[in-house]
Structure formats: structure tokens, C-alpha cells
Amino acid sequence: MRVIAALADLKLVARVSEMLNVSQPAVSKQIAELERIVGVPVITRDRNRLYLTDIGARLAEHAKKVLNQLDRAAFDVDAMASGVSGSVSLGVVSSVAPILLPSTIALFKKNTPYAAVSVTQGHFVGLYPELESGALDLLIARIWQPQEMPGIVQKKLYSEPLVVVVGRKNPLARRNELAWSDVVKFPWILPPANSVARRAVDSLFAENSLTPPCNTIASLSLTLNLEMMNVMPAVGLLPQSLAQVYASRGEIVSLPLDTHGFLSETRCFWRERQTTTNSALSFFLKCLEQATEEIKTIPFG
């Protein structure tokens, strides 16, 4: 099952063998055995790449579902056996919190009802010193120009583009074609001036040969930002999945502007060796990984 599921995504025997930590002949043998059991080809070859036949693609879909159920079963058994207690304190940027934390915390509390969770929202520059000092156990943030940090472990969670959005009454909402020069003079709702996200936004305008907007409102509140876009011709930025949700409710419109993938990568950070002393953090990271796998199924782009 794992071979056919991996082939659907990777398409190269070498990559599948590396991911599953088995030899390439072993992968080829399992493909042949699967075709013997099914009685029809499940792959076709084009030079050094493999492509699933229609039957192979359907088998891969079922394999992924079964593997997800097995992984979840193993996760649940591990959670029940661990008897985790204690607490975990999180710092998270506002553009990630509503996407990732609800499902993560729900999974965490389902299995560890007596473990405490506290959440602090902010921006990376403000939250990182609290992680270093020990006030926070875990920091989750969008990253621009990632770099190594002494004493800090970091892990990539997922990638999701940011999109430019406006309220439905904004005159820009009726435009099918736009350039960055068309939007720079509008009021912009942006992260705080000293944040990593704000520097990334400034760099994005510079890449488009423009001076960053002068008419700005610094706000990290999603609720406030949506209401401001409703009552004034303000322009903002939202993760694509959130933009799709609020657009479906008729609250905002996404503009046809390419953000070039800036701030698309989300990572988590924690102090070295902390997972060996904080069982609640160690288990929360497992819940975070489970929630992230669900997010990766969203068809961005």
C-alpha cells in the first residue's frame, strides 16, 4: 500500500525507495507483486518516470485512505498509552492560528483532557524572545528568508500562498486585470512595522519597482481587518484557504495579483532537548503533524 501511495506522488522508483528506506529492486518487486494480484498493469513507464494507470490511480486513492486510518489508529493508541499531562504554551502568528490550531488543539485535548494549553498571538519578532526565555514552549510562524537559530529546533509544516483581498464594495473588486501600481495608493491593512511579515511586504513592493504603501493600518486582528475592508476601500492579505472561506460567504474578493510565494512557508520552533523533558509538548507536536497532513490536502494554486 505504501509503495503504490508513494508512487502516485513521487513517480520515481528511486524517490520511493528513499522515502520508504528500501532498495529499488524491492520497490520494483512489490509493484510486480501488486500487478500479479490485481491481474492488470497498475503503472506505465515513460523513460525513467512511472505513471499510474487508471486502475493504479484508484488503488492509490484507497491505499492512502487505509494508511491514514492506520496512522490515526497508531496515533490514538500511543496517545492513550502515554498518559500525557502538564501544559504547553504556544506562540502563533495571526495568519496561521485559525488555519492550524483549532484541529490541532481539538486532537490534543481529545486525547489529553487534563493537559493545559495556552495560546499567545503576535508576530515572530515579538514572540521569538519569549520562546528563547522559556515563556513559550512552541512558536508557529510564517517564514521569510529562513535561517538557522542557535539552540532552536525548527520544522517546516506546510506551504500556502498569501493572496491580496478587498471588501466586495471596493472598486478594485470589479477589476479582472490589475497591476501592483493600481493598488499601492489604496489604504493597506498590514502587519506591524517591526515585524518580519511587514519587511516581506515592503520587499514585495520593491520587487515590483514600487515604494511600499504610505496609507497603512497596522493590525493583526482578523475580525477587525475583515470589518475594515467592509466599511472602507482597504486592501489586505490573507492565506488562500481563509480567503476562499470568506469569499464564499460574500465578505471579500481576492485580487488577481501574484504575490510570488512570499511568506508562504509555515514552520514551528522549539528549544533543543525540550521535547525530552516536556511530554505535553512532545505530544502536541504529534497532533500538529496530524493536523498539518490534513492541510496538505488543500489544492492551493
# chains A, B, ... in the order shown; residues from 1 in each chain; ligands from 1
>>> residues_around(residues="region 232-249 of chain A", least_positions_apart="4", cutoff="7 Å", atoms="only C-alpha atoms", output="list in words")
Ser95, Glu160, Pro161, Leu162, Val163, Val164, Val165, Val166, Asn170, Phe186, Pro187, Trp188, Ile189, Leu190, Met228, Val253 and Ser254 of chain A
>>> residues_around(residues="region 175-179 of chain A", least_positions_apart="6", cutoff="10 Å", atoms="only C-alpha atoms", output="list in words")
Asn208, Leu255, Pro256, Leu257 and Asp258 of chain A
>>> write_last_selection(atoms="C-alpha atoms", output="short mmCIF file (atom, residue, chain, number, x, y, z; two decimals), in the first residue's frame")
data_model
loop_
_atom_site.label_atom_id
_atom_site.label_comp_id
_atom_site.auth_asym_id
_atom_site.auth_seq_id
_atom_site.Cartn_x
_atom_site.Cartn_y
_atom_site.Cartn_z
CA ASN A 208 7.53 45.33 -8.35
CA LEU A 255 -7.50 40.24 -6.44
CA PRO A 256 -5.61 38.89 -9.49
CA LEU A 257 -2.13 39.84 -8.20
CA ASP A 258 0.83 37.48 -7.99
#
>>> residues_around(residues="Pro146 (chain A)", least_positions_apart="4", cutoff="10 Å", atoms="only C-alpha atoms", output="PyMOL selection string")
chain A and resi 142+154+265+267
>>> select_by_dssp(residues="region 17-173 of chain A", states="alpha helix (DSSP H)", output="ChimeraX atom specification")
/A:17-20,24-38,54-82,97-111,124-133
>>> select_by_dssp(residues="region 87-150 of chain A", states="strand (DSSP E or B)", output="list in words")
Ser87, Val88, Ser89, Leu90, Gly91, Val92, Val93, Ala116, Val117, Ser118, Val119, Thr120, Gln121, Gly122, Leu138, Leu139, Ile140, Ala141, Arg142 and Ile143 of chain A
>>> write_last_selection(atoms="N, CA and C atoms", output="CSV table (one decimal), in the first residue's frame")
chain,number,residue,atom,x,y,z
A,87,SER,N,1.5,20.9,30.7
A,87,SER,CA,1.0,22.1,29.9
A,87,SER,C,1.9,22.4,28.7
A,88,VAL,N,1.3,23.1,27.8
A,88,VAL,CA,2.1,23.6,26.6
A,88,VAL,C,1.7,25.0,26.3
A,89,SER,N,2.6,25.9,26.2
A,89,SER,CA,2.3,27.3,25.8
A,89,SER,C,2.8,27.6,24.4
A,90,LEU,N,1.9,28.1,23.6
A,90,LEU,CA,2.1,28.3,22.2
A,90,LEU,C,2.2,29.8,21.9
A,91,GLY,N,3.0,30.2,21.0
A,91,GLY,CA,3.0,31.5,20.3
A,91,GLY,C,2.8,31.3,18.9
A,92,VAL,N,1.9,32.0,18.3
A,92,VAL,CA,1.5,31.8,16.9
A,92,VAL,C,1.2,33.1,16.2
A,93,VAL,N,1.5,33.2,14.9
A,93,VAL,CA,1.2,34.4,14.2
A,93,VAL,C,-0.3,34.3,13.7
A,116,ALA,N,-3.0,21.2,29.9
A,116,ALA,CA,-3.4,22.6,29.7
A,116,ALA,C,-2.7,23.2,28.4
A,117,VAL,N,-3.4,24.0,27.7
A,117,VAL,CA,-2.9,24.7,26.5
A,117,VAL,C,-3.2,26.2,26.7
A,118,SER,N,-2.1,27.0,26.4
A,118,SER,CA,-2.3,28.4,26.4
A,118,SER,C,-1.8,28.9,25.0
A,119,VAL,N,-2.5,29.9,24.5
A,119,VAL,CA,-2.1,30.4,23.1
A,119,VAL,C,-1.9,31.9,23.2
A,120,THR,N,-0.8,32.4,22.7
A,120,THR,CA,-0.5,33.8,22.6
A,120,THR,C,-0.3,34.2,21.1
A,121,GLN,N,-1.1,35.1,20.6
A,121,GLN,CA,-0.9,35.6,19.2
A,121,GLN,C,-0.1,36.8,19.1
A,122,GLY,N,0.7,36.9,18.1
A,122,GLY,CA,1.6,38.1,17.9
A,122,GLY,C,2.3,37.9,16.5
A,138,LEU,N,6.5,26.6,22.3
A,138,LEU,CA,6.4,26.4,20.8
A,138,LEU,C,6.0,27.6,20.1
A,139,LEU,N,6.7,27.9,19.0
A,139,LEU,CA,6.3,29.1,18.2
A,139,LEU,C,6.0,28.6,16.8
A,140,ILE,N,4.9,29.0,16.2
A,140,ILE,CA,4.4,28.7,14.9
A,140,ILE,C,4.3,30.0,14.1
A,141,ALA,N,5.0,30.1,13.0
A,141,ALA,CA,5.0,31.3,12.2
A,141,ALA,C,5.3,31.1,10.7
A,142,ARG,N,4.8,32.1,10.0
A,142,ARG,CA,5.2,32.1,8.5
A,142,ARG,C,6.6,32.7,8.5
A,143,ILE,N,7.4,32.1,7.5
A,143,ILE,CA,8.8,32.4,7.5
A,143,ILE,C,9.2,33.1,6.2
